[in-house]
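S.K.: What follows is a single structure, and I will ask about it in a moment.
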Amino acid sequence: MQSRISQLSAVLLIAGLLCGATASAQNSEARGGTQNLFRFGVGARAQGVGSAVVAMPLDASTIYWNPGGLDYLERRSVVMYYSPLLRESDAKYHFIGVAYPILDFGTVGLGWLHSDVSFVERDEFGDSPGEDSDAHDEFFLSYAKQVSYGVSLGGNVKIKREQYYGLSSRAFGADFGLLYRPDFGEGIFENLSFGFSALNLLRPTLKLGGTPEPQPRIIRGGLAKGLLIGSRPDQANLFLAFEKPEGQSEKMRINFGTEYVYQNLGMLRLGYSGGGLIFGGGVLYQNLFQIDYAFGQFDNNDSGLGGIHRISITAHLGKTKTQMREEAQQRVLTRIEEETRRKEGLNRRNEFDEKMTLGKNYFQQGEFFSAFINFTQARDISAGAYTTFTAQDKEEANIWVERTQTKMDEEAEAEKARLAQAAGASAIAAADRAFIEGQKQKGMQFLQASKYNEAITEWKRGLERDPNNSELKGLIAKTEDQISRSRGDLVRKAQSFVNESKYFEAVNLYNQLMNQPGITAAERKTYEDKVAQLQRQLDIEQLYRQGYTEYLNKNYCAAKGFFSQALQKDGSNARLRQAYSDADVRCNARVGPIPDAIRQRYLEAIGLLNNEDYAAALRILEQIQPQDRYNQRILSAIDQAREGLERQKKNQR
C-alpha cells in the first residue's frame, strides 16, 4: 500500500509538470503562455556548463539552444540525449538531433524532443482498469547560414504535440537565432563570440480539451570565449548567458559555466543555471564518438525534482568544412592543370594536322623534300604522350614518311643516272661516288631525326669531294630553307599565343625555338628573355587566381597577401593594384562612425540604394570611400550596390 502511494505521488508530480497548462491557463494573458516543460534544455555537455551555450555551438543540440549557430559546426553531428525526470519513476526526457553542414550552402538540422510518463489507474479496491500516459513532443527542421562579417543566421520550424488521457493537440511554431563571431585578431578579444535566440518567436498554441494554451516566448543571449592553454592542445571554454521567459512574473535567469578540455580527449565541466551548481564531464574517442555526463538540478522551478543524472552520446561524422573547402580548392587547381594539359594536347593535335596537310600538299606538287620534312615533324609530334593521338594517327604519319622517302630515293637515282650520263663514268671516281653517297645517307639519317645542322654538316663533307654536286647542294639549300621557314612559323605562332594571353603555350614554343639547330647566341638570348618574361607573367597570373579565389571566399587578408606578392613582380599592373586595394580595405575594415565631412553624401547614397538606383549610389560611395578608407559601413554599402547592379544585369538578360 505504501509503495502504491509513493508511486502515485511521483506520477502526480510529473503529471503536474507536463500539464502545467491547466494550472496556468487562467494567467496566460498576464504571463504570455503556459509553462514550457522543454525549458530544461537538451544535451549533457550544454547542461554541464549551466546551459549557457547560446554563443558557442557544440553539436547538434545547437538546434535547441541557438539554431543560428548551426553553420559554425565543422562536421556532421548526431546527438542522442537522455535524462529521467524523477529518480524513482519511468518518466523520460530525451532528444535526438542531426546537424548536416553543406559547403557553401549552410547547415540543415533535424531534431526530436520528447518527454512522457506512463501510469496505471487504480480504483479504491486496487484494481487497474487501464494504463495511460502524458506525452509531449517537439519536431524541429532547422537551417543556418553564415552571411558575412562573422554573422550566422538561422531558425527552426517546428511541430509541437501533446497527448494526455486520450486527448491530442498539435501546433506549429518557429524559433530564430543569431551568432556573431568577429575577427578581433589576437589578444583578450580573440575567439570571442556572441549569441542570441528567440524561442517560440512564432508561438505554437495547443488546444488540449478545447482550451487554447499558447506557449511562452523565451529570449536567450550570451557570449562565449575559448582560451588555449600552454603548448599542448588544451583549452578552457568560458560561457555566460541570460534567459528571459515571456511574462511579467517570470524573472530573468543568469547562467554561466566553464569547461576544461584536456588534449581533445577528456573534459571537466562546472556550471550554474539558476538551480544550483551542475557538474559534468565527457570523453572523446578518436575524435569520432563522445560521451557526456551531467548531474545537478534543472532550476529553481523544477517542483522539487532534485539532482538528475543526464547523459549524451554524440557522433562526429565525416570531414570538416575546412577539409572540404581545401579539397574543393584542390579540385579547382586540378581542373585547371587538366585543362592546361588538354589545351596543350589540342595545340599539338592542330600542329599535327597542319603538318600532315602541308606534307600532302607538297607531295602532290612533287616537292618531296618539303613533304618529307613535314611528315617527319608530324610523326615526332604524334610520338608524344598525348591522348589526342591514336595508333592510327601515328601509323599514318609513318606511312607517309616512308612513302616520301621512297619518292626522294627515286629522284636521287634519277639524278645520279642523269649525272652519270652527262659527265660520264670517269667524271667521278668510284671511291668518291661511294663516299658522297655515304655522306648523303648519313645526312638523311640526321634529317629523319630532325637534326638539321648535323645533316647539313654531313652533306658539306660530301661537297668537299665534289663541290659541284647539285644533289648535295639542293639538299643543303632545301634544309636551310626549311629551318628558316620552320623557325619563322614558330616565332609567329608564339607571338600569337602571347597576344591571346596563352602564356603557357608560348613558353613551350620558345623552348622549342631554343632547341632549333643553327640559332645564334643572340637569338638564343632573345628566346631566353622571352621565356623568363612569360614565366614571370605566368607566376603573376597564378598568384592573381589564388588571390581572386580567396577574395570570392571572403578571406580578404589571404587574398591581400597573394595580390601583394603579384605586385612585387609587376608593380605597374593596374588590375593587380585595384585587386590589392579592394582586398586591403576589406581585410582591415572596422565598424565606425561616418565622418561629418561625408555624412550628407553617405546618407544620399543610402537613399539611392533604398530606391534601387544602384549605379548612382555606387558612384557616390566610390567617391567618398577614399576619405574614410576602412569604414565597414561604406564598404558594406558598396558591396550592396554592386550586388544590386549584378542582379539588374541578370534580369535584363
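In the C-alpha cells, each chain is lettered A, B, ... as it comes, each chain's residues begin at 1, and ligands are numbered from 1 in order of appearance.
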Taking 5 positions as the minimum chain separation for residues in the same chain, which residues sit within 12 Å of Asn573 of chain A when counting only C-alpha atoms? Answer as a list in words.
M.R.: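 Final neighbour list, sorted by chain and number: Gln537, Ile540, Glu541, Tyr544, Phe563, Ser564, Ala566, Leu567, Gln568, Gln578, Ala579 and Tyr580 of chain A.
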S.K.: Hey, can you spit out that residue selection with C-alpha atoms as a CSV table (one decimal), in the first residue's frame?
M.R.:
chain,number,residue,atom,x,y,z
A,537,GLN,CA,53.7,36.6,-66.2
A,540,ILE,CA,51.7,36.7,-61.7
A,541,GLU,CA,48.6,35.1,-63.2
A,544,TYR,CA,46.2,36.5,-59.1
A,563,PHE,CA,47.9,40.2,-54.6
A,564,SER,CA,50.9,41.8,-52.7
A,566,ALA,CA,51.9,39.6,-57.5
A,567,LEU,CA,52.5,43.4,-57.3
A,568,GLN,CA,56.1,42.7,-56.2
A,578,GLN,CA,42.9,47.6,-57.9
A,579,ALA,CA,42.5,44.0,-56.6
A,580,TYR,CA,45.1,44.7,-53.8
S.K.: Contacts of Asn156 of chain A at 8 Å or less, counting only C-alpha atoms, minus same-chain residues fewer than 5 places along, as an MDAnalysis selection string?
M.R.: chainID A and resid 63 67 140:143 174:176
S.K.: Write out the residues from the selection above, keeping C-alpha atoms, as a PDB file, in the first residue's frame.
M.R.:
ATOM      1  CA  ILE A  63      19.210  23.158 -32.807  1.00  0.00           C
ATOM      2  CA  PRO A  67      19.775  27.499 -34.432  1.00  0.00           C
ATOM      3  CA  PHE A 140      12.477  20.535 -35.443  1.00  0.00           C
ATOM      4  CA  LEU A 141      13.522  21.352 -39.009  1.00  0.00           C
ATOM      5  CA  SER A 142      16.479  23.767 -38.846  1.00  0.00           C
ATOM      6  CA  TYR A 143      18.641  25.801 -41.202  1.00  0.00           C
ATOM      7  CA  ALA A 174       9.205  28.853 -35.162  1.00  0.00           C
ATOM      8  CA  ASP A 175      12.468  29.899 -33.483  1.00  0.00           C
ATOM      9  CA  PHE A 176      15.143  32.367 -34.568  1.00  0.00           C
TER      10      PHE A 176
END
S.K.: As a ChimeraX atom specification, please: the residues near segment 593-601 of chain A (cut-off 8 Å, only C-alpha atoms, same-chain neighbours under 6 positions excluded).
M.R.: /A:620,624,627-628,631,633
S.K.: Ranking A:Ala60, A:Lys92, A:Ala371, A:Gly155 by minimum distance to Lys407 of chain A and counting only C-alpha atoms, which one comes first?
M.R.: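 Under the stated criterion, the closest residue is A:Ala371.
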S.K.: Compile the contact shell of Leu58 of chain A as a tab-separated table (two decimals) with N, CA and C atoms, in the first residue's frame: residues with an atom at most 10 Å away, counting only C-alpha atoms, same-chain residues fewer than 3 positions apart removed.
M.R.:
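Result file around07.tsv:
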chain	number	residue	atom	x	y	z
A	43	GLY	N	21.06	18.03	-24.05
A	43	GLY	CA	22.50	17.85	-24.19
A	43	GLY	C	23.23	17.90	-22.86
A	45	ARG	N	26.40	17.91	-22.39
A	45	ARG	CA	27.54	18.82	-22.44
A	45	ARG	C	27.08	20.26	-22.20
A	46	ALA	N	25.97	20.66	-22.87
A	46	ALA	CA	25.46	22.01	-22.68
A	46	ALA	C	24.99	22.24	-21.25
A	53	VAL	N	25.10	28.08	-23.39
A	53	VAL	CA	25.81	27.83	-24.64
A	53	VAL	C	25.19	28.55	-25.83
A	54	VAL	N	24.42	29.58	-25.60
A	54	VAL	CA	23.77	30.27	-26.72
A	54	VAL	C	24.78	30.88	-27.68
A	55	ALA	N	26.02	31.14	-27.22
A	55	ALA	CA	27.02	31.80	-28.07
A	55	ALA	C	28.09	30.85	-28.56
A	61	SER	N	22.83	19.55	-30.62
A	61	SER	CA	21.92	20.14	-29.64
A	61	SER	C	21.79	21.65	-29.85
A	62	THR	N	22.66	22.26	-30.67
A	62	THR	CA	22.54	23.68	-31.01
A	62	THR	C	21.20	23.99	-31.66
A	65	TRP	N	19.34	25.24	-28.61
A	65	TRP	CA	19.83	26.41	-27.89
A	65	TRP	C	19.90	27.66	-28.76
A	69	GLY	N	23.59	29.28	-34.70
A	69	GLY	CA	24.99	28.84	-34.62
A	69	GLY	C	25.28	27.55	-35.33
A	70	LEU	N	24.26	26.93	-35.96
A	70	LEU	CA	24.48	25.62	-36.59
A	70	LEU	C	25.57	25.65	-37.65
A	72	TYR	N	28.27	27.13	-37.78
A	72	TYR	CA	29.63	27.14	-37.28
A	72	TYR	C	30.09	25.75	-36.85
A	73	LEU	N	29.22	24.73	-36.97
A	73	LEU	CA	29.66	23.36	-36.73
A	73	LEU	C	30.53	22.91	-37.90
A	74	GLU	N	31.69	22.36	-37.60
A	74	GLU	CA	32.63	21.97	-38.65
A	74	GLU	C	32.28	20.62	-39.27
A	77	SER	N	26.98	16.04	-37.21
A	77	SER	CA	26.86	15.69	-35.80
A	77	SER	C	25.53	15.00	-35.55
S.K.: Between atom CA of Tyr93 of chain A and atom CA of Glu259 of chain A, what is the spacing in Å?
M.R.: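 For atom CA of Glu259 of chain A relative to atom CA of Tyr93 of chain A, the distance reads 24.2 Å.
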S.K.: Find the spatial neighbours of Gln286 of chain A, counting only C-alpha atoms, within a cut-off of 10 Å - ignore same-chain residues fewer than 2 positions away - and output them as a list in words.
M.R.: Asn264, Leu265, Val283, Leu284, Leu288, Phe289, Gln290 and His316 of chain A
S.K.: The selected residues should be written to file as a PDB file, in the first residue's frame (atoms: N, CA and C atoms).
M.R.:
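Dumped to part_39.pdb:
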ATOM      1  N   ASN A 264      41.937  17.307 -26.170  1.00  0.00           N
ATOM      2  CA  ASN A 264      40.836  16.850 -27.013  1.00  0.00           C
ATOM      3  C   ASN A 264      40.457  15.391 -26.748  1.00  0.00           C
ATOM      4  N   LEU A 265      40.685  14.956 -25.503  1.00  0.00           N
ATOM      5  CA  LEU A 265      40.358  13.578 -25.110  1.00  0.00           C
ATOM      6  C   LEU A 265      39.334  13.528 -23.986  1.00  0.00           C
ATOM      7  N   VAL A 283      34.169  12.289 -22.467  1.00  0.00           N
ATOM      8  CA  VAL A 283      35.335  11.669 -23.100  1.00  0.00           C
ATOM      9  C   VAL A 283      35.080  11.625 -24.595  1.00  0.00           C
ATOM     10  N   LEU A 284      36.164  11.767 -25.355  1.00  0.00           N
ATOM     11  CA  LEU A 284      36.097  11.750 -26.812  1.00  0.00           C
ATOM     12  C   LEU A 284      37.022  10.653 -27.323  1.00  0.00           C
ATOM     13  N   LEU A 288      35.743  10.936 -32.895  1.00  0.00           N
ATOM     14  CA  LEU A 288      34.556  10.449 -33.599  1.00  0.00           C
ATOM     15  C   LEU A 288      33.346  10.345 -32.672  1.00  0.00           C
ATOM     16  N   PHE A 289      33.542   9.683 -31.519  1.00  0.00           N
ATOM     17  CA  PHE A 289      32.430   9.430 -30.618  1.00  0.00           C
ATOM     18  C   PHE A 289      32.705  10.094 -29.274  1.00  0.00           C
ATOM     19  N   GLN A 290      31.661  10.699 -28.726  1.00  0.00           N
ATOM     20  CA  GLN A 290      31.808  11.450 -27.486  1.00  0.00           C
ATOM     21  C   GLN A 290      30.673  11.068 -26.539  1.00  0.00           C
ATOM     22  N   HIS A 316      30.536  12.413 -34.239  1.00  0.00           N
ATOM     23  CA  HIS A 316      31.040  13.433 -35.165  1.00  0.00           C
ATOM     24  C   HIS A 316      31.448  12.712 -36.455  1.00  0.00           C
TER      25      HIS A 316
END
S.K.: So that I can see what lies close to Gly307 of chain A, please list as an NGL selection string the residues with an atom at most 7 Å from it, counting only C-alpha atoms and leaving out residues fewer than 5 positions away in the same chain.
M.R.: :A and (295-297)
S.K.: Counting only C-alpha atoms, which of A:Met80, A:Ala144, A:Leu192, A:Leu609 gets nearest to Ile102 of chain A?
M.R.: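 The closest residue to Ile102 of chain A is A:Ala144.
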S.K.: Have a look at A:Ser115, A:Thr107, A:Asn651, A:Gln405 and name the one nearest to Tyr82 of chain A; count only C-alpha atoms.
M.R.: A:Ser115
S.K.: Would you mind reading off the distance between atom CA of Asn611 of chain A and atom CA of Val151 of chain A, one decimal, in Å?
M.R.: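 Computing the Euclidean distance for atom CA of Asn611 of chain A and atom CA of Val151 of chain A yields 25.9 Å.
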S.K.: Using only C-alpha atoms, can you tell me which of A:Gly97, A:Gly222, A:Gly571, A:Gly462 comes closest to Asp432 of chain A?
M.R.: A:Gly462
S.K.: Kindly indicate which residue among A:Glu395, A:Gln495, A:Gln648, A:Ile336 lies nearest to Gln542 of chain A, using only C-alpha atoms for the distances.
M.R.: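 Looking at the shortest contact to Gln542 of chain A, the residue is A:Ile336.
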S.K.: Where in segment 349-557 of chain A does DSSP assign helix (DSSP H, G or I), given as a ChimeraX atom specification?
M.R.: /A:349-364,368-382,391-423,430-448,452-465,470-499,503-514,521-552,556-557
S.K.: Under the rule that only C-alpha atoms are counted, which of A:Leu358, A:Ala171, A:Val147, A:Val507 is the nearest residue to Thr205 of chain A?
M.R.: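 Checking each candidate against Thr205 of chain A, we get A:Ala171 as the closest.
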S.K.: Based on the backbone DSSP call, show me all residues of segment 45-178 of chain A assigned strand (DSSP E), as a PyMOL selection string.
M.R.: chain A and resi 76-84+92-102+106-121+130-148+151-164+167-178
